[in-house]
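This is run-v2.txt (compact mmCIF, C-alpha atoms).
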```txt
# COMPACT_ATOMS: atom_id res chain seq x y z
CA MET A 633 -16.72 2.54 14.54
CA ALA A 634 -15.85 2.90 18.22
CA LEU A 635 -19.04 4.02 19.98
CA SER A 636 -16.99 5.91 22.57
CA SER A 637 -16.35 8.51 19.85
CA PHE A 638 -19.91 8.43 18.49
CA ASP A 639 -21.32 11.97 18.14
CA ILE A 640 -24.89 11.52 19.32
CA ASP A 641 -25.78 15.16 18.60
CA ALA A 642 -24.76 14.90 14.94
CA PRO A 643 -27.76 14.60 12.57
CA ARG A 644 -28.54 11.03 11.57
CA TRP A 645 -29.52 12.11 8.06
CA ASP A 646 -27.84 14.59 5.76
CA GLN A 647 -29.37 17.93 6.72
CA SER A 648 -28.18 19.58 3.52
CA THR A 649 -30.90 17.70 1.60
CA PHE A 650 -34.67 18.12 1.77
CA MET A 651 -35.32 14.41 2.36
CA GLY A 652 -32.70 14.28 5.09
CA ARG A 653 -34.32 17.15 6.98
CA LEU A 654 -37.80 15.70 6.44
CA LYS A 655 -36.73 12.31 7.82
CA HIS A 656 -35.28 14.06 10.87
CA PHE A 657 -38.57 15.77 11.70
CA PHE A 658 -40.69 12.72 10.97
CA ASN A 659 -38.42 11.04 13.48
CA ILE A 660 -38.88 13.48 16.37
CA THR A 661 -42.64 13.98 15.74
CA ASP A 662 -43.36 10.23 15.74
CA CYS A 663 -46.58 10.01 17.79
CA ARG A 664 -45.75 6.47 18.94
CA THR A 665 -43.18 7.89 21.34
CA ALA A 666 -45.90 9.83 23.18
CA VAL A 667 -47.26 6.66 24.82
CA LEU A 668 -43.93 5.41 26.18
CA PRO A 669 -43.59 5.35 30.00
CA ASP A 670 -41.48 7.98 31.75
CA SER A 671 -39.06 5.29 32.90
CA ARG A 672 -38.25 4.44 29.27
CA LEU A 673 -37.71 8.11 28.45
CA ASP A 674 -35.43 8.57 31.46
CA GLU A 675 -33.38 5.56 30.34
CA ALA A 676 -33.00 7.16 26.92
CA LYS A 677 -31.89 10.43 28.51
CA ALA A 678 -29.32 8.62 30.66
CA LEU A 679 -27.93 6.84 27.59
CA VAL A 680 -27.69 10.12 25.65
CA GLU A 681 -25.90 11.84 28.52
CA SER A 682 -23.54 8.87 28.92
CA CYS A 683 -22.70 9.02 25.24
CA ARG A 684 -22.05 12.75 25.45
CA ALA A 685 -19.68 12.09 28.32
CA GLY A 686 -17.84 9.48 26.23
CA SER A 687 -18.96 6.54 28.35
CA VAL A 688 -21.18 4.24 26.30
CA PRO A 689 -22.38 1.13 28.18
CA PRO A 690 -20.86 -2.13 26.86
CA GLY A 691 -23.03 -3.94 24.34
CA THR A 692 -24.80 -0.79 23.19
CA THR A 693 -25.40 -0.65 19.44
CA GLU A 694 -25.42 2.40 17.20
CA GLU A 695 -29.10 1.82 16.46
CA GLN A 696 -29.87 1.92 20.19
CA LEU A 697 -28.05 5.25 20.46
CA HIS A 698 -30.04 6.69 17.55
CA TYR A 699 -33.31 5.53 19.13
CA ALA A 700 -32.33 6.97 22.51
CA LYS A 701 -31.62 10.33 20.88
CA LYS A 702 -34.99 10.15 19.10
CA LEU A 703 -36.77 9.69 22.43
CA TYR A 704 -34.68 12.40 24.05
CA ASP A 705 -35.47 14.95 21.32
CA SER A 706 -39.16 14.09 21.40
CA ALA A 707 -39.68 14.37 25.15
CA PHE A 708 -37.07 16.65 26.75
CA HIS A 709 -36.78 20.43 26.50
CA PRO A 710 -33.74 21.41 24.40
CA ASP A 711 -32.79 24.28 26.73
CA THR A 712 -33.34 22.83 30.19
CA GLY A 713 -33.17 19.08 29.58
CA ASP A 714 -36.34 18.65 31.66
CA ARG A 715 -38.96 16.11 30.62
CA MET A 716 -41.88 17.97 29.06
CA ASN A 717 -45.52 17.24 29.82
CA ILE A 718 -47.00 14.86 27.26
CA ILE A 719 -49.49 17.34 25.81
CA GLY A 720 -46.77 19.87 25.00
CA ARG A 721 -44.45 17.45 23.21
CA MET A 722 -44.12 17.61 19.43
CA SER A 723 -44.83 13.87 19.34
CA PHE A 724 -48.34 14.57 20.72
CA GLN A 725 -49.24 17.21 18.14
CA VAL A 726 -50.73 14.74 15.66
CA PRO A 727 -52.98 12.71 18.02
CA GLY A 728 -53.93 15.76 20.10
CA GLY A 729 -54.46 18.02 17.12
CA MET A 730 -56.49 15.50 15.12
CA ALA A 731 -58.91 14.86 17.97
CA ILE A 732 -59.53 18.53 18.80
CA THR A 733 -59.61 19.79 15.21
CA GLY A 734 -61.91 16.96 14.15
CA CYS A 735 -64.33 17.88 16.92
CA MET A 736 -64.22 21.59 16.05
CA LEU A 737 -65.11 20.74 12.45
CA GLN A 738 -67.85 18.34 13.47
CA PHE A 739 -69.53 20.42 16.19
CA TYR A 740 -69.77 23.84 14.56
CA ARG A 741 -73.53 24.37 14.28
CA THR A 742 -74.51 25.43 17.83
CA VAL A 743 -73.02 28.21 19.95
CA PRO A 744 -72.43 26.04 23.09
CA ALA A 745 -70.52 23.46 21.04
CA VAL A 746 -68.45 26.18 19.33
CA VAL A 747 -67.60 27.78 22.68
CA PHE A 748 -66.60 24.48 24.28
CA TRP A 749 -64.33 23.21 21.51
CA GLN A 750 -62.68 26.59 20.93
CA TRP A 751 -61.92 26.71 24.67
CA VAL A 752 -60.46 23.20 24.54
CA ASN A 753 -58.34 24.12 21.52
CA GLN A 754 -56.96 27.30 23.05
CA SER A 755 -56.17 25.50 26.31
CA PHE A 756 -54.26 22.90 24.30
CA ASN A 757 -52.39 25.59 22.33
CA ALA A 758 -51.50 27.55 25.45
CA LEU A 759 -50.02 24.46 27.07
CA VAL A 760 -48.02 23.65 23.93
CA ASN A 761 -46.67 27.21 23.72
CA TYR A 762 -45.76 27.27 27.41
CA THR A 763 -44.08 23.87 27.26
CA ASN A 764 -41.94 24.86 24.25
CA ARG A 765 -41.11 28.36 25.50
CA ASN A 766 -37.60 29.74 25.37
CA ALA A 767 -36.11 28.92 28.79
CA ALA A 768 -33.83 31.96 28.52
CA SER A 769 -36.91 34.23 28.47
CA PRO A 770 -38.99 33.32 31.54
CA ILE A 771 -42.65 34.32 31.64
CA THR A 772 -44.63 35.03 34.80
CA PRO A 773 -47.88 33.28 35.79
CA LYS A 774 -49.70 36.61 35.32
CA GLN A 775 -48.41 36.94 31.76
CA ILE A 776 -49.41 33.34 31.04
CA GLY A 777 -52.91 34.02 32.36
CA VAL A 778 -53.31 37.21 30.31
CA ALA A 779 -52.11 35.45 27.15
CA TYR A 780 -54.48 32.53 27.71
CA ILE A 781 -57.52 34.69 28.44
CA THR A 782 -56.80 37.04 25.51
CA ALA A 783 -56.35 34.21 22.99
CA THR A 784 -59.40 32.33 24.23
CA SER A 785 -61.53 35.48 24.12
CA THR A 786 -60.33 36.24 20.58
CA ALA A 787 -61.16 32.72 19.40
CA LEU A 788 -64.58 32.73 21.04
CA ALA A 789 -65.50 36.20 19.77
CA THR A 790 -64.46 35.27 16.22
CA ALA A 791 -66.15 31.87 16.26
CA VAL A 792 -69.42 32.95 17.89
CA GLY A 793 -69.63 36.18 15.86
CA LEU A 794 -69.03 34.45 12.53
CA ASN A 795 -71.28 31.56 13.52
CA LEU A 796 -74.18 33.95 14.02
CA TYR A 797 -73.25 36.01 10.94
CA THR A 798 -73.21 32.96 8.65
CA LYS A 799 -76.63 31.64 9.63
CA LYS A 800 -77.99 32.79 6.27
CA ALA A 801 -74.79 32.07 4.33
CA PRO A 802 -74.17 28.88 2.30
CA PRO A 803 -73.54 25.85 4.58
CA LEU A 804 -69.93 25.55 3.46
CA VAL A 805 -69.11 29.04 4.75
CA ALA A 806 -70.22 28.07 8.25
CA ARG A 807 -67.90 25.04 8.15
CA TRP A 808 -64.92 27.39 7.67
CA VAL A 809 -65.68 29.40 10.83
CA PRO A 810 -63.48 27.16 13.08
CA PHE A 811 -60.45 27.87 10.89
CA ALA A 812 -61.02 31.63 11.08
CA ALA A 813 -61.23 31.38 14.87
CA VAL A 814 -58.07 29.27 15.11
CA ALA A 815 -56.11 31.60 12.83
CA SER A 816 -57.12 34.76 14.71
CA ALA A 817 -56.35 33.20 18.09
CA ASN A 818 -52.89 32.07 16.96
CA CYS A 819 -52.09 35.65 15.99
CA VAL A 820 -52.72 36.63 19.63
CA ASN A 821 -51.77 33.57 21.67
CA ILE A 822 -48.21 32.98 20.50
CA PRO A 823 -46.92 36.58 20.67
CA MET A 824 -48.56 37.06 24.07
CA MET A 825 -47.16 33.81 25.45
CA ARG A 826 -43.66 34.71 24.23
CA GLN A 827 -43.77 38.44 24.86
CA GLN A 828 -40.55 38.40 26.88
CA GLU A 829 -38.64 37.35 23.78
CA ILE A 830 -40.12 40.28 21.84
CA LEU A 831 -39.36 42.75 24.65
CA ASN A 832 -35.87 41.53 25.54
CA GLY A 833 -34.72 39.78 22.38
CA ILE A 834 -33.39 36.24 21.98
CA ALA A 835 -29.85 34.89 22.17
CA VAL A 836 -27.72 35.30 19.07
CA THR A 837 -24.69 33.11 18.44
CA ASP A 838 -21.99 32.84 15.81
CA GLU A 839 -21.31 29.72 13.73
CA ASN A 840 -19.33 28.23 16.63
CA GLY A 841 -22.12 28.64 19.15
CA ASN A 842 -20.52 31.64 20.91
CA LYS A 843 -23.13 34.00 22.31
CA LEU A 844 -22.95 37.47 20.76
CA GLY A 845 -25.89 39.12 22.44
CA HIS A 846 -29.66 39.45 21.99
CA SER A 847 -31.79 40.51 19.03
CA LYS A 848 -35.36 41.77 19.20
CA LYS A 849 -35.68 41.70 15.42
CA ALA A 850 -34.74 38.03 15.36
CA ALA A 851 -37.33 37.32 18.06
CA VAL A 852 -40.07 39.08 16.11
CA LYS A 853 -39.17 37.24 12.91
CA GLY A 854 -38.96 33.88 14.66
CA ILE A 855 -42.31 34.30 16.43
CA THR A 856 -43.93 35.54 13.21
CA GLN A 857 -42.74 32.37 11.49
CA VAL A 858 -44.21 30.26 14.30
CA VAL A 859 -47.61 32.02 13.92
CA ILE A 860 -47.60 31.50 10.16
CA SER A 861 -46.51 27.87 10.57
CA ARG A 862 -49.29 27.13 13.08
CA ILE A 863 -51.94 28.60 10.77
CA THR A 864 -50.51 26.82 7.73
CA MET A 865 -50.38 23.57 9.67
CA ALA A 866 -54.12 23.75 10.34
CA ALA A 867 -55.13 25.10 6.92
CA PRO A 868 -55.29 21.93 4.76
CA GLY A 869 -57.48 20.00 7.16
CA MET A 870 -59.70 22.93 8.14
CA ILE A 871 -60.18 24.31 4.60
CA ILE A 872 -60.19 21.24 2.34
CA LEU A 873 -61.97 18.86 4.70
CA PRO A 874 -65.15 20.99 5.04
CA ILE A 875 -65.51 20.88 1.24
CA ILE A 876 -65.30 17.08 1.30
CA MET A 877 -67.73 16.77 4.21
CA GLN A 878 -70.23 19.09 2.53
CA ARG A 879 -70.23 16.76 -0.48
CA LEU A 880 -70.85 13.79 1.84
CA GLU A 881 -73.98 15.40 3.28
CA LYS A 882 -76.09 13.85 0.51
CA TYR A 883 -75.18 10.37 1.74
CA LYS A 884 -76.95 8.98 4.78
CA ILE A 885 -73.80 8.34 6.82
CA THR A 886 -73.92 11.25 9.26
CA PHE A 887 -72.93 8.95 12.14
CA LEU A 888 -69.56 8.48 10.42
CA HIS A 889 -68.85 12.17 9.84
CA GLY A 890 -67.12 12.64 13.21
CA PRO A 891 -64.72 9.66 12.91
CA ILE A 892 -64.04 10.50 9.25
CA GLN A 893 -63.05 14.07 10.08
CA VAL A 894 -60.81 13.06 12.98
CA MET A 895 -58.97 10.48 10.88
CA MET A 896 -58.62 12.77 7.86
CA VAL A 897 -57.30 15.62 10.01
CA GLY A 898 -54.77 13.14 11.40
CA ALA A 899 -53.69 12.23 7.88
CA PHE A 900 -53.08 15.91 7.09
CA LEU A 901 -51.20 16.54 10.34
CA ILE A 902 -48.91 13.52 9.93
CA PHE A 903 -47.32 15.38 7.02
CA MET A 904 -47.94 19.00 8.00
CA VAL A 905 -46.30 18.87 11.46
CA PRO A 906 -42.87 17.67 10.28
CA ALA A 907 -43.08 19.72 7.09
CA LEU A 908 -43.73 22.95 9.02
CA GLN A 909 -41.12 22.11 11.65
CA LEU A 910 -38.75 21.64 8.73
CA LYS A 911 -39.59 25.08 7.39
CA ALA A 912 -38.77 26.65 10.74
CA HIS A 913 -35.22 25.30 10.52
CA LEU A 914 -34.41 26.43 7.00
CA TYR A 915 -32.03 29.33 6.51
CA LYS A 916 -33.85 32.59 5.90
CA THR A 917 -32.46 35.66 4.16
CA VAL A 918 -33.01 39.05 5.78
CA LYS A 919 -31.76 42.46 4.75
CA LYS A 920 -30.42 45.13 7.08
CA PRO A 921 -30.46 43.15 10.35
CA ASN A 922 -29.56 44.78 13.67
CA PHE A 923 -25.92 43.72 13.27
CA LYS A 924 -22.90 45.44 11.81
CA SER A 925 -20.71 43.75 9.26
CA GLY A 926 -18.24 44.61 6.58
CA SER A 927 -20.47 42.85 4.05
CA LYS A 928 -23.34 44.80 2.52
CA GLY A 929 -25.07 41.72 1.15
CA ALA A 930 -28.11 39.96 2.46
CA ARG A 931 -27.76 38.29 5.87
CA LYS A 932 -28.75 34.73 6.71
CA LYS A 933 -30.10 33.48 9.97
CA ASN A 934 -31.19 30.16 11.34
CA ILE A 935 -34.35 30.17 13.44
CA ASN A 936 -34.68 27.20 15.77
CA ASN A 937 -38.26 25.98 16.16
CA ARG A 938 -38.15 25.69 19.95
CA SER A 939 -35.51 27.92 21.47
CA ASP A 940 -35.51 30.31 18.48
CA ALA A 941 -31.73 30.57 18.77
CA VAL A 942 -30.52 32.72 15.88
CA MET A 943 -27.24 32.43 14.03
CA PHE A 944 -25.74 35.41 12.30
CA LYS A 945 -22.42 34.76 10.66
CA ASN A 946 -19.58 37.26 11.16
CA LYS A 947 -21.75 39.93 12.74
CA LYS A 948 -21.32 42.28 15.69
CA ILE A 949 -24.03 43.61 17.96
CA ILE A 950 -24.98 47.24 17.35
```

How would this structure read if it were set down as structure tokens?
Amino acid sequence: MALSSFDIDAPRWDQSTFMGRLKHFFNITDCRTAVLPDSRLDEAKALVESCRAGSVPPGTTEEQLHYAKKLYDSAFHPDTGDRMNIIGRMSFQVPGGMAITGCMLQFYRTVPAVVFWQWVNQSFNALVNYTNRNAASPITPKQIGVAYITATSTALATAVGLNLYTKKAPPLVARWVPFAAVASANCVNIPMMRQQEILNGIAVTDENGNKLGHSKKAAVKGITQVVISRITMAAPGMIILPIIMQRLEKYKITFLHGPIQVMMVGAFLIFMVPALQLKAHLYKTVKKPNFKSGSKGARKKNINNRSDAVMFKNKKII
């Protein structure tokens, strides 16, 4: 195949199959790409842009093009093309999430430890949400600050309140407090950070990519899915792992509890991050959307996990 006609934006795997979509998201969430130098990422971007322009450097192989696109998707914002900070990249979600979540699960007994690790977690989440924001819906520094403070306050109030309330409860209940705090904060942090999308709507396109207008309902549904996905992503590690660790209390290996929890959280996230990113890309059926059509049947829309671009087929804006 002539590489000059190679479509670098075409999916490498068949996206009509579950395994094809799962491979795609394992590919772009590969945490090994997070440690690559910026110069290597910029080279990948240059190669992708050259391929898009129909000018592939001589000697370039198809495998090199696929790898360049993998690096590009993992490190550059899909709307602006700018290189994202390392903490906000999807490729950093596993190593970053496993370290912070492991520490929240390990240091849950004292109020100062709870406050510190909930603050670290919410700072991490705020940076991820800001990095992956919809570039078409800019947010002001004041709005970012309000969202951050509100989410952090919610997490701290939930964690500290439940921590004190569960002093006389079974030990296992106290181990679940971090998950309750994370879940409640996600319900506040993400909508606040992306409030402009809720207020003004997000771009809606037809099947050919032609912009039709903006939809507030699509924005609400997309952000709701992100909130649910974030909570679901954390659930296995933060609900199942405390049960396991409580069973290990009878063994005299407390010095290994921290490392064990970090590694086990990582094992959960390796599968949960791509699986939940996959879910965000699946077609969803909605009834009575804010679009007119001759068809009275259910409508389908495609929510993109980063830009939340929504596709409604054969619809007109009301």

Worksheet item: Could you tell me, as a PyMOL selection string, which residues have any atom at most 12 Å from (-48.0, 8.3, 27.0), counting all atoms listed in the file?
Response: chain A and resi 663-673+706-707+716-721+723-724+727-728

Export of prior selection with C-alpha atoms as a short mmCIF file (atom, residue, chain, number, x, y, z; two decimals), in the frame of the given file:
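Final output, saved to selection-v4.cif:
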```cif
data_model
loop_
_atom_site.label_atom_id
_atom_site.label_comp_id
_atom_site.auth_asym_id
_atom_site.auth_seq_id
_atom_site.Cartn_x
_atom_site.Cartn_y
_atom_site.Cartn_z
CA CYS A 663 -46.58 10.01 17.79
CA ARG A 664 -45.75 6.47 18.94
CA THR A 665 -43.18 7.89 21.34
CA ALA A 666 -45.90 9.83 23.18
CA VAL A 667 -47.26 6.66 24.82
CA LEU A 668 -43.93 5.41 26.18
CA PRO A 669 -43.59 5.35 30.00
CA ASP A 670 -41.48 7.98 31.75
CA SER A 671 -39.06 5.29 32.90
CA ARG A 672 -38.25 4.44 29.27
CA LEU A 673 -37.71 8.11 28.45
CA SER A 706 -39.16 14.09 21.40
CA ALA A 707 -39.68 14.37 25.15
CA MET A 716 -41.88 17.97 29.06
CA ASN A 717 -45.52 17.24 29.82
CA ILE A 718 -47.00 14.86 27.26
CA ILE A 719 -49.49 17.34 25.81
CA GLY A 720 -46.77 19.87 25.00
CA ARG A 721 -44.45 17.45 23.21
CA SER A 723 -44.83 13.87 19.34
CA PHE A 724 -48.34 14.57 20.72
CA PRO A 727 -52.98 12.71 18.02
CA GLY A 728 -53.93 15.76 20.10
#
```

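Going from atom CA of Trp751 of chain A over to atom CA of Thr864 of chain A, you cover 20.4 Å.
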
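Restricting the calculation to all atoms listed in the file, the smallest distance between Phe739 of chain A and any of A:Thr790, A:Asn795, A:Gln828, A:Thr692 is found for A:Asn795.
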
Worksheet entry | Nearest candidate to Asn832 of chain A (options A:Pro874, A:Gly793, A:Gly845, A:Pro744; using only C-alpha atoms) | A:Gly845

Worksheet item: At what distance in Å, to one decimal, does atom CA of Pro810 of chain A lie from atom CA of Leu737 of chain A?
Response: 6.7 Å

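Picture a line from atom CA of Trp808 of chain A to atom CA of Ile871 of chain A; it runs 6.4 Å.
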
Please write out, as lines of an AutoDock Vina configuration file, where the centre of an axis-aligned box around all listed atoms of segment 843-850 of chain A lies and how long its edges are, in Å to one decimal, after adding 6 Å on each side.
```
center_x = -29.3
center_y = 37.9
center_z = 18.9
size_x = 24.7
size_y = 19.8
size_z = 19.1
```

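Proximity of A:Asp838, A:Glu881, A:Glu695, A:Glu675 to Arg644 of chain A, computed with only C-alpha atoms, is greatest for A:Glu695.
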
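Closest approach to Ile640 of chain A among A:Leu679, A:Ala731, A:Leu654, A:Ala745: A:Leu679, based on all atoms listed in the file.
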
Please output segment 648-674 of chain A, rebuilt to include N, CA, C and O atoms, as a PDB file, in the frame of the given file.
```pdb
ATOM      1  N   SER A 648     -28.322  18.692   4.667  1.00  0.00           N
ATOM      2  CA  SER A 648     -28.180  19.580   3.520  1.00  0.00           C
ATOM      3  C   SER A 648     -29.164  19.225   2.410  1.00  0.00           C
ATOM      4  O   SER A 648     -29.279  19.936   1.418  1.00  0.00           O
ATOM      5  N   THR A 649     -29.909  18.121   2.586  1.00  0.00           N
ATOM      6  CA  THR A 649     -30.900  17.700   1.600  1.00  0.00           C
ATOM      7  C   THR A 649     -32.301  17.797   2.186  1.00  0.00           C
ATOM      8  O   THR A 649     -32.493  17.676   3.402  1.00  0.00           O
ATOM      9  N   PHE A 650     -33.283  18.014   1.323  1.00  0.00           N
ATOM     10  CA  PHE A 650     -34.670  18.120   1.770  1.00  0.00           C
ATOM     11  C   PHE A 650     -35.127  16.829   2.442  1.00  0.00           C
ATOM     12  O   PHE A 650     -35.727  16.855   3.523  1.00  0.00           O
ATOM     13  N   MET A 651     -34.856  15.688   1.811  1.00  0.00           N
ATOM     14  CA  MET A 651     -35.320  14.410   2.360  1.00  0.00           C
ATOM     15  C   MET A 651     -34.645  14.108   3.693  1.00  0.00           C
ATOM     16  O   MET A 651     -35.267  13.535   4.593  1.00  0.00           O
ATOM     17  N   GLY A 652     -33.384  14.498   3.826  1.00  0.00           N
ATOM     18  CA  GLY A 652     -32.700  14.280   5.090  1.00  0.00           C
ATOM     19  C   GLY A 652     -33.331  15.067   6.219  1.00  0.00           C
ATOM     20  O   GLY A 652     -33.534  14.545   7.323  1.00  0.00           O
ATOM     21  N   ARG A 653     -33.674  16.319   5.952  1.00  0.00           N
ATOM     22  CA  ARG A 653     -34.320  17.150   6.980  1.00  0.00           C
ATOM     23  C   ARG A 653     -35.728  16.639   7.276  1.00  0.00           C
ATOM     24  O   ARG A 653     -36.175  16.636   8.422  1.00  0.00           O
ATOM     25  N   LEU A 654     -36.448  16.205   6.229  1.00  0.00           N
ATOM     26  CA  LEU A 654     -37.800  15.700   6.440  1.00  0.00           C
ATOM     27  C   LEU A 654     -37.792  14.431   7.282  1.00  0.00           C
ATOM     28  O   LEU A 654     -38.630  14.258   8.179  1.00  0.00           O
ATOM     29  N   LYS A 655     -36.846  13.533   7.025  1.00  0.00           N
ATOM     30  CA  LYS A 655     -36.730  12.310   7.820  1.00  0.00           C
ATOM     31  C   LYS A 655     -36.450  12.647   9.289  1.00  0.00           C
ATOM     32  O   LYS A 655     -36.971  12.000  10.195  1.00  0.00           O
ATOM     33  N   HIS A 656     -35.616  13.656   9.499  1.00  0.00           N
ATOM     34  CA  HIS A 656     -35.280  14.060  10.870  1.00  0.00           C
ATOM     35  C   HIS A 656     -36.535  14.484  11.635  1.00  0.00           C
ATOM     36  O   HIS A 656     -36.757  14.065  12.772  1.00  0.00           O
ATOM     37  N   PHE A 657     -37.391  15.275  11.000  1.00  0.00           N
ATOM     38  CA  PHE A 657     -38.570  15.770  11.700  1.00  0.00           C
ATOM     39  C   PHE A 657     -39.695  14.753  11.767  1.00  0.00           C
ATOM     40  O   PHE A 657     -40.493  14.782  12.701  1.00  0.00           O
ATOM     41  N   PHE A 658     -39.774  13.847  10.808  1.00  0.00           N
ATOM     42  CA  PHE A 658     -40.690  12.720  10.970  1.00  0.00           C
ATOM     43  C   PHE A 658     -40.267  11.905  12.182  1.00  0.00           C
ATOM     44  O   PHE A 658     -41.095  11.362  12.915  1.00  0.00           O
ATOM     45  N   ASN A 659     -38.970  11.829  12.387  1.00  0.00           N
ATOM     46  CA  ASN A 659     -38.420  11.040  13.480  1.00  0.00           C
ATOM     47  C   ASN A 659     -38.816  11.609  14.840  1.00  0.00           C
ATOM     48  O   ASN A 659     -39.315  10.891  15.707  1.00  0.00           O
ATOM     49  N   ILE A 660     -38.619  12.910  15.046  1.00  0.00           N
ATOM     50  CA  ILE A 660     -38.880  13.480  16.370  1.00  0.00           C
ATOM     51  C   ILE A 660     -40.360  13.787  16.609  1.00  0.00           C
ATOM     52  O   ILE A 660     -40.753  14.061  17.745  1.00  0.00           O
ATOM     53  N   THR A 661     -41.198  13.771  15.544  1.00  0.00           N
ATOM     54  CA  THR A 661     -42.640  13.980  15.740  1.00  0.00           C
ATOM     55  C   THR A 661     -43.416  12.663  15.671  1.00  0.00           C
ATOM     56  O   THR A 661     -44.635  12.673  15.555  1.00  0.00           O
ATOM     57  N   ASP A 662     -42.722  11.547  15.770  1.00  0.00           N
ATOM     58  CA  ASP A 662     -43.360  10.230  15.740  1.00  0.00           C
ATOM     59  C   ASP A 662     -44.291  10.094  16.947  1.00  0.00           C
ATOM     60  O   ASP A 662     -43.838  10.058  18.096  1.00  0.00           O
ATOM     61  N   CYS A 663     -45.603  10.023  16.695  1.00  0.00           N
ATOM     62  CA  CYS A 663     -46.580  10.010  17.790  1.00  0.00           C
ATOM     63  C   CYS A 663     -46.518   8.745  18.633  1.00  0.00           C
ATOM     64  O   CYS A 663     -47.057   8.718  19.749  1.00  0.00           O
ATOM     65  N   ARG A 664     -45.870   7.701  18.149  1.00  0.00           N
ATOM     66  CA  ARG A 664     -45.750   6.470  18.940  1.00  0.00           C
ATOM     67  C   ARG A 664     -44.923   6.679  20.196  1.00  0.00           C
ATOM     68  O   ARG A 664     -45.105   5.982  21.192  1.00  0.00           O
ATOM     69  N   THR A 665     -44.021   7.649  20.169  1.00  0.00           N
ATOM     70  CA  THR A 665     -43.180   7.890  21.340  1.00  0.00           C
ATOM     71  C   THR A 665     -43.951   8.568  22.475  1.00  0.00           C
ATOM     72  O   THR A 665     -43.498   8.583  23.616  1.00  0.00           O
ATOM     73  N   ALA A 666     -45.119   9.128  22.154  1.00  0.00           N
ATOM     74  CA  ALA A 666     -45.900   9.830  23.180  1.00  0.00           C
ATOM     75  C   ALA A 666     -46.485   8.887  24.225  1.00  0.00           C
ATOM     76  O   ALA A 666     -46.833   9.320  25.321  1.00  0.00           O
ATOM     77  N   VAL A 667     -46.625   7.610  23.893  1.00  0.00           N
ATOM     78  CA  VAL A 667     -47.260   6.660  24.820  1.00  0.00           C
ATOM     79  C   VAL A 667     -46.229   5.861  25.619  1.00  0.00           C
ATOM     80  O   VAL A 667     -46.602   5.001  26.415  1.00  0.00           O
ATOM     81  N   LEU A 668     -44.958   6.139  25.429  1.00  0.00           N
ATOM     82  CA  LEU A 668     -43.930   5.410  26.180  1.00  0.00           C
ATOM     83  C   LEU A 668     -43.910   5.874  27.629  1.00  0.00           C
ATOM     84  O   LEU A 668     -44.132   7.056  27.928  1.00  0.00           O
ATOM     85  N   PRO A 669     -43.627   4.970  28.580  1.00  0.00           N
ATOM     86  CA  PRO A 669     -43.590   5.350  30.000  1.00  0.00           C
ATOM     87  C   PRO A 669     -42.407   6.269  30.296  1.00  0.00           C
ATOM     88  O   PRO A 669     -41.390   6.258  29.591  1.00  0.00           O
ATOM     89  N   ASP A 670     -42.540   7.054  31.368  1.00  0.00           N
ATOM     90  CA  ASP A 670     -41.480   7.980  31.750  1.00  0.00           C
ATOM     91  C   ASP A 670     -40.171   7.251  32.036  1.00  0.00           C
ATOM     92  O   ASP A 670     -39.084   7.789  31.783  1.00  0.00           O
ATOM     93  N   SER A 671     -40.270   6.048  32.581  1.00  0.00           N
ATOM     94  CA  SER A 671     -39.060   5.290  32.900  1.00  0.00           C
ATOM     95  C   SER A 671     -38.251   4.999  31.642  1.00  0.00           C
ATOM     96  O   SER A 671     -37.012   5.065  31.653  1.00  0.00           O
ATOM     97  N   ARG A 672     -38.945   4.714  30.533  1.00  0.00           N
ATOM     98  CA  ARG A 672     -38.250   4.440  29.270  1.00  0.00           C
ATOM     99  C   ARG A 672     -37.595   5.711  28.747  1.00  0.00           C
ATOM    100  O   ARG A 672     -36.483   5.667  28.210  1.00  0.00           O
ATOM    101  N   LEU A 673     -38.274   6.836  28.898  1.00  0.00           N
ATOM    102  CA  LEU A 673     -37.710   8.110  28.450  1.00  0.00           C
ATOM    103  C   LEU A 673     -36.490   8.495  29.280  1.00  0.00           C
ATOM    104  O   LEU A 673     -35.490   9.000  28.748  1.00  0.00           O
ATOM    105  N   ASP A 674     -36.569   8.247  30.580  1.00  0.00           N
ATOM    106  CA  ASP A 674     -35.430   8.570  31.460  1.00  0.00           C
ATOM    107  C   ASP A 674     -34.230   7.688  31.127  1.00  0.00           C
ATOM    108  O   ASP A 674     -33.079   8.139  31.210  1.00  0.00           O
TER     109      ASP A 674
END
```
